[in-house]
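> Just passing along the structure, written as structure tokens.
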Amino acid sequence: MDFLSFKDIDSLDEWVKEARMIKDNPLKEMDLGKNRTLGLLFFNPSLRTRLSTQKAAQNLGMDCMVMNFDKEGWVLEYADGAVMDQGKSEHIREAAKVISQYCDIIAIRAFASLSDREKDEAEVVLNGFQKYASVPVVNMESSTGHPLQALADAITLNECGLNELKGHEKKVKKVVLTWAPHPKALPHAVANSFVQMMLRQEAEFVITHPEGYELDERITAGARIEYDQAEAFRDADFVYAKNWSSYRDYGQVMLKDSSWMVDQDKMNLTNEGRFMHCLPVRRNVVVSDEVIDSSASLVIEQANNRTYAAQVVLKKILKEMNNEG
Ligand code: CP
């Protein structure tokens with residue numbers, strides 16, 4: 001069982017429920033991962049993913065090996081038939097098989113290059129490991145998706161009453177994903193997985209961004225796009241801010257317009273909406289201090305829920321490895 005994309009979550013309700021039960025008693029299954037090792041391979045920086053995934057593994061009794069592949073590993077070749085007479089020292093075929101001998105599960109972070117859309121969409125690193133490793137592979141943010149983040153966000157939304165029953169009826173809540181400015185070109189992975197997660201919720205879901213920042217239509221199909229940010233914010237129960245670079249003009253920063261920053265005036269348009277962001281966040285660029293420091297901000301709890309999102313994924317993989325189903 002691999003966990004490569006949000007599509008690998010068969011029943012979102014069930015996974016969220018299980019994660020919330022784990023959160024209530026995180027050490028309940030300390031023996032499940034005994035004598036098992038999680039290898040965490042980072043081709044890019046991380047704070048939350050690195051620590052929360054290790055924490056989740058430790059809660060299940062696993063050992064962890066962490067490697068900052070970008071700084072410590074040999075530069076890998078992924079192409080079949082390559083004549084390796086340039087800068088790349090090791091082929092994915094050997095690397096993945098060797099690491100599989102040391103680790104029972106391999107988790108990988110490998111961001112998009114943002115320079116070659118075709119290569120990014122081929123998920124060369126993640127799929128290379130998945131193809132040649134002999135153990136399960138977990139996505140800790142790849143070129144096109146960050147499913148552990150989206151699962152943590154689903155847990156946070158659920159805790160804050162996204163699907164709460166009012167009597168016998170569910171009150172449909174409004175969730176807005178808003179583009180926000182950023183000085184650097186950022187990947188689409190977080191936004192993509194958040195959209196995939198929201199399209200599986202019973203909610204009013206709106207994406208707002210400047211023209212030219214449309215995400216991959218294959219992912220947003222069925223979602224409402226609103227180019228007027230203020231209109232999108234009106235009566236929202238949750239506002240999720242995220243920057244991404246242009247998908248159409250792949251990887252380009254077309255706009256740094258600070259008028260798209262989330263500030264209190266915009267939050268005042270919402271239905272006492274809660275503010276969300278995956279972190280790290282640039283204060284007073286993406287979101288004002290006033291909003292992120294307010295009681296409406298959920299960012300710290302989102303980060304907390306990363307542990308339980310990772311733990312439910314690892315638990316399911318370990319159970320399958322132990323033939324417990
Ligand atoms: N949200 C998130 O993935 O954080 P890190 O990049 O710090 O892991």
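Following the order of the structure tokens, first chain is A, next is B, and so on, with residues numbered from 1 inside each chain and ligands from 1 in the order they appear.
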Fewer than 4 positions away in the same chain doesn't count, so skip those; otherwise give me all residues within 6 Å of stretch 34-36 of chain A, counting only C-alpha atoms, as a list of chain:residue names.
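Here the qualifying residues turn out to be A:Gly61, A:Met62, A:Asp104.
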> Kindly export the residues of the current selection with all heavy atoms, as a PDB file, in the first residue's frame.

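Written file, selection.pdb:
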```
ATOM      1  N   GLY A  61       5.643   3.338  17.540  1.00  0.00           N
ATOM      2  CA  GLY A  61       6.756   2.479  17.948  1.00  0.00           C
ATOM      3  C   GLY A  61       7.809   2.268  16.877  1.00  0.00           C
ATOM      4  O   GLY A  61       8.688   1.404  17.027  1.00  0.00           O
ATOM      5  N   MET A  62       7.764   3.035  15.773  1.00  0.00           N
ATOM      6  CA  MET A  62       8.745   2.859  14.693  1.00  0.00           C
ATOM      7  C   MET A  62      10.049   3.607  14.997  1.00  0.00           C
ATOM      8  O   MET A  62      10.048   4.599  15.720  1.00  0.00           O
ATOM      9  CB  MET A  62       8.202   3.414  13.360  1.00  0.00           C
ATOM     10  CG  MET A  62       6.975   2.725  12.846  1.00  0.00           C
ATOM     11  SD  MET A  62       6.519   3.385  11.202  1.00  0.00           S
ATOM     12  CE  MET A  62       7.609   2.436  10.132  1.00  0.00           C
ATOM     13  N   ASP A 104      11.377  -0.024   6.173  1.00  0.00           N
ATOM     14  CA  ASP A 104      10.142  -0.757   5.876  1.00  0.00           C
ATOM     15  C   ASP A 104       9.131   0.111   5.138  1.00  0.00           C
ATOM     16  O   ASP A 104       8.216  -0.399   4.491  1.00  0.00           O
ATOM     17  CB  ASP A 104       9.521  -1.266   7.180  1.00  0.00           C
ATOM     18  CG  ASP A 104      10.478  -2.193   7.904  1.00  0.00           C
ATOM     19  OD1 ASP A 104      10.547  -3.362   7.515  1.00  0.00           O
ATOM     20  OD2 ASP A 104      11.175  -1.724   8.831  1.00  0.00           O
TER      21      ASP A 104
END
```
> Could you list, as a list in words, all protein and nucleic acid residues with an atom at most 8 Å from ligand 1, counting only C-alpha atoms and all ligand atoms?
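Written in the requested form, the residues are Pro45, Ser46, Leu47, Arg48, Thr49, Arg50, Leu51, Met140, Glu141, His146, Gln149, Cys278, Leu279, Pro280 and Ala303 of chain A.
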> Keeping C-alpha atoms, export the residues of the selection given above as a PDB file, in the first residue's frame.

```pdb
ATOM      1  CA  PRO A  45      13.372  21.848   3.297  1.00  0.00           C
ATOM      2  CA  SER A  46      10.675  21.141   5.870  1.00  0.00           C
ATOM      3  CA  LEU A  47       9.717  21.871   9.450  1.00  0.00           C
ATOM      4  CA  ARG A  48       6.219  20.480  10.010  1.00  0.00           C
ATOM      5  CA  THR A  49       6.326  17.484   7.680  1.00  0.00           C
ATOM      6  CA  ARG A  50       9.671  16.338   8.978  1.00  0.00           C
ATOM      7  CA  LEU A  51       8.819  16.556  12.676  1.00  0.00           C
ATOM      8  CA  MET A 140       5.439  14.078   1.989  1.00  0.00           C
ATOM      9  CA  GLU A 141       4.787  16.704  -0.758  1.00  0.00           C
ATOM     10  CA  HIS A 146       0.587  17.364  -0.600  1.00  0.00           C
ATOM     11  CA  GLN A 149      -1.410  18.417   4.463  1.00  0.00           C
ATOM     12  CA  CYS A 278      -0.500  25.299   5.820  1.00  0.00           C
ATOM     13  CA  LEU A 279       2.606  27.253   7.026  1.00  0.00           C
ATOM     14  CA  PRO A 280       5.289  28.437   6.626  1.00  0.00           C
ATOM     15  CA  ALA A 303       0.152  21.963  12.093  1.00  0.00           C
TER      16      ALA A 303
END
```
> Pick the closest to A:Arg20 from A:Glu118, A:Glu159, A:Glu226, A:Asp216: which is it, counting only C-alpha atoms?
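That would be A:Glu159, the residue with the smallest distance to A:Arg20.
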> Between A:Val16, A:Ala241, A:Leu199, A:Ala150, which residue has the minimum interatomic distance to A:His182, considering only C-alpha atoms?
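Once distances to A:His182 are computed over only C-alpha atoms, the minimum belongs to A:Ala241.
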> I want to know what sits within 12 Å of A:Leu215, based on only C-alpha atoms, with residues of the same chain fewer than 2 positions away left out; could you give that as a PyMOL selection string?
chain A and resi 144+177-179+187-196+207-213+217-221+223+225+243-251
> Compare A:Thr37, A:Ser113, A:Asn25, A:Asn268 by their minimum atom-to-atom distance to A:Leu318, counting only C-alpha atoms, and give me the closest one.
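For A:Leu318, the nearest of the given residues is A:Thr37.
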> Taking the backbone alone, and naming residues the way the document does, which bits of stretch 62-156 of chain A are alpha helix (DSSP H) by DSSP, as a VMD selection string?
chain A and resid 69 to 72 92 to 102 117 to 121 124 to 132 147 to 156
> Emit the selected residues as a short mmCIF file (atom, residue, chain, number, x, y, z; two decimals), in the first residue's frame, including C-alpha atoms.

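File out-v5.cif, as written:
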```
data_model
loop_
_atom_site.label_atom_id
_atom_site.label_comp_id
_atom_site.auth_asym_id
_atom_site.auth_seq_id
_atom_site.Cartn_x
_atom_site.Cartn_y
_atom_site.Cartn_z
CA PHE A 69 19.03 13.93 0.12
CA ASP A 70 19.60 17.32 -1.48
CA LYS A 71 22.62 17.95 0.74
CA GLU A 72 23.78 14.50 1.82
CA ILE A 92 17.21 5.51 -8.84
CA ARG A 93 17.13 1.79 -9.69
CA GLU A 94 19.91 1.01 -7.19
CA ALA A 95 19.15 3.79 -4.68
CA ALA A 96 15.50 2.77 -4.17
CA LYS A 97 16.36 -0.93 -3.84
CA VAL A 98 19.19 -0.25 -1.39
CA ILE A 99 17.07 2.03 0.83
CA SER A 100 14.31 -0.61 0.78
CA GLN A 101 16.73 -2.98 2.54
CA TYR A 102 17.16 -0.54 5.43
CA ARG A 117 5.69 21.11 -16.34
CA GLU A 118 5.82 17.78 -18.13
CA LYS A 119 8.63 16.52 -15.92
CA ASP A 120 6.92 17.81 -12.76
CA GLU A 121 3.63 16.16 -13.70
CA VAL A 124 9.86 11.64 -11.54
CA VAL A 125 11.22 11.34 -7.98
CA LEU A 126 8.12 10.01 -6.21
CA ASN A 127 7.20 7.63 -9.01
CA GLY A 128 10.82 6.58 -9.42
CA PHE A 129 10.93 5.44 -5.80
CA GLN A 130 7.49 3.87 -6.07
CA LYS A 131 8.60 1.93 -9.14
CA TYR A 132 11.91 0.61 -7.84
CA PRO A 147 -1.97 14.81 0.58
CA LEU A 148 -0.75 14.68 4.20
CA GLN A 149 -1.41 18.42 4.46
CA ALA A 150 -4.87 18.09 2.92
CA LEU A 151 -5.75 15.24 5.27
CA ALA A 152 -4.63 17.37 8.25
CA ASP A 153 -6.76 20.22 6.88
CA ALA A 154 -9.76 17.89 6.60
CA ILE A 155 -9.27 16.91 10.26
CA THR A 156 -9.09 20.60 11.28
#
```
> From a DSSP calculation on the backbone, collect every residue of stretch 18-225 of chain A in strand (DSSP E or B) and output the set as a PyMOL selection string.
chain A and resi 37-42+63-68+76-77+90-91+105-109+137-139+165-166+169-170+174-179+204-208+224-225
> List as a ChimeraX atom specification the protein and nucleic acid residues near A:Asn304, meaning an atom at most 9 Å away when only C-alpha atoms are counted, but skip any in the same chain fewer than 3 places from it.
/A:48,52,152,299-301,307-308
> Store the residues picked out above in a file with N, CA, C and O atoms, as a compact mmCIF listing (two decimals), in the first residue's frame.

```txt
# COMPACT_ATOMS: atom_id res chain seq x y z
N ARG A 48 7.37 21.24 9.54
CA ARG A 48 6.22 20.48 10.01
C ARG A 48 6.22 19.02 9.53
O ARG A 48 6.01 18.10 10.33
N SER A 52 6.44 16.20 12.28
CA SER A 52 5.15 15.54 12.56
C SER A 52 5.15 14.10 12.06
O SER A 52 4.57 13.22 12.70
N ALA A 152 -4.66 16.59 7.00
CA ALA A 152 -4.63 17.37 8.25
C ALA A 152 -5.66 18.51 8.20
O ALA A 152 -6.34 18.80 9.19
N VAL A 299 -4.05 28.10 12.25
CA VAL A 299 -2.80 27.60 11.65
C VAL A 299 -2.01 26.67 12.59
O VAL A 299 -1.41 25.70 12.12
N ILE A 300 -2.03 26.94 13.89
CA ILE A 300 -1.25 26.10 14.81
C ILE A 300 -1.92 24.74 14.96
O ILE A 300 -1.25 23.70 15.01
N GLU A 301 -3.24 24.74 14.98
CA GLU A 301 -3.95 23.46 15.10
C GLU A 301 -3.82 22.64 13.81
O GLU A 301 -3.73 21.41 13.85
N THR A 307 0.45 15.55 12.62
CA THR A 307 0.89 14.31 13.27
C THR A 307 -0.17 13.22 13.10
O THR A 307 0.15 12.08 12.75
N TYR A 308 -1.43 13.58 13.30
CA TYR A 308 -2.48 12.56 13.29
C TYR A 308 -2.83 12.14 11.85
O TYR A 308 -3.25 11.00 11.63
```
> Using atom CA of A:Asp265 and atom CA of A:Val206 as the two end points, give the distance in Å to one decimal.
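Computing the Euclidean distance for atom CA of A:Asp265 and atom CA of A:Val206 yields 19.0 Å.
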> For a test of reading the model, state the distance in Å between atom CA of A:Phe6 and atom CA of A:Glu164, rounded to one decimal.
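Here the two named atoms are 22.8 Å from each other.
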> So which residues touch A:Asn284 within 10 Å, counting only C-alpha atoms, skipping near sequence neighbours fewer than 3 positions away, as a PyMOL selection string?
chain A and resi 181+258+261-263+281+287-292
> Name the closest residue to A:Ala57 among the candidates A:Gln311, A:Met321, A:Phe43, A:Gln302; distances are taken between atoms, counting only C-alpha atoms.
A:Gln311
> Work out how far atom CA of A:His277 is from atom CA of A:Thr53, in Å to one decimal.
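Value for the atom CA of A:Thr53-atom CA of A:His277 distance: 18.6 Å.
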> Quick one: residues within 7 Å of A:Lys174, only C-alpha atoms counted, chain neighbours fewer than 4 positions away excluded, as a PDB file with N, CA and C atoms, in the first residue's frame?

```pdb
ATOM      1  N   ALA A 203     -19.877  20.804   1.109  1.00  0.00           N
ATOM      2  CA  ALA A 203     -19.670  22.208   1.477  1.00  0.00           C
ATOM      3  C   ALA A 203     -19.809  23.068   0.234  1.00  0.00           C
ATOM      4  N   GLU A 204     -20.031  24.374   0.484  1.00  0.00           N
ATOM      5  CA  GLU A 204     -19.969  25.327  -0.630  1.00  0.00           C
ATOM      6  C   GLU A 204     -18.502  25.701  -0.764  1.00  0.00           C
ATOM      7  N   PHE A 205     -17.904  25.397  -1.886  1.00  0.00           N
ATOM      8  CA  PHE A 205     -16.462  25.596  -2.039  1.00  0.00           C
ATOM      9  C   PHE A 205     -16.194  26.577  -3.182  1.00  0.00           C
ATOM     10  N   ALA A 236     -18.206  33.600   4.195  1.00  0.00           N
ATOM     11  CA  ALA A 236     -17.396  32.374   4.292  1.00  0.00           C
ATOM     12  C   ALA A 236     -17.243  31.952   5.748  1.00  0.00           C
ATOM     13  N   ASP A 237     -17.250  30.647   5.966  1.00  0.00           N
ATOM     14  CA  ASP A 237     -16.992  30.108   7.307  1.00  0.00           C
ATOM     15  C   ASP A 237     -15.515  29.790   7.504  1.00  0.00           C
ATOM     16  N   PHE A 238     -14.816  29.516   6.404  1.00  0.00           N
ATOM     17  CA  PHE A 238     -13.378  29.217   6.459  1.00  0.00           C
ATOM     18  C   PHE A 238     -12.694  29.884   5.271  1.00  0.00           C
TER      19      PHE A 238
END
```
> From the options A:Ala230, A:Leu298, A:Val66, A:Ala133, which residue's atoms come nearest to A:Met267, counting only C-alpha atoms?
A:Ala230
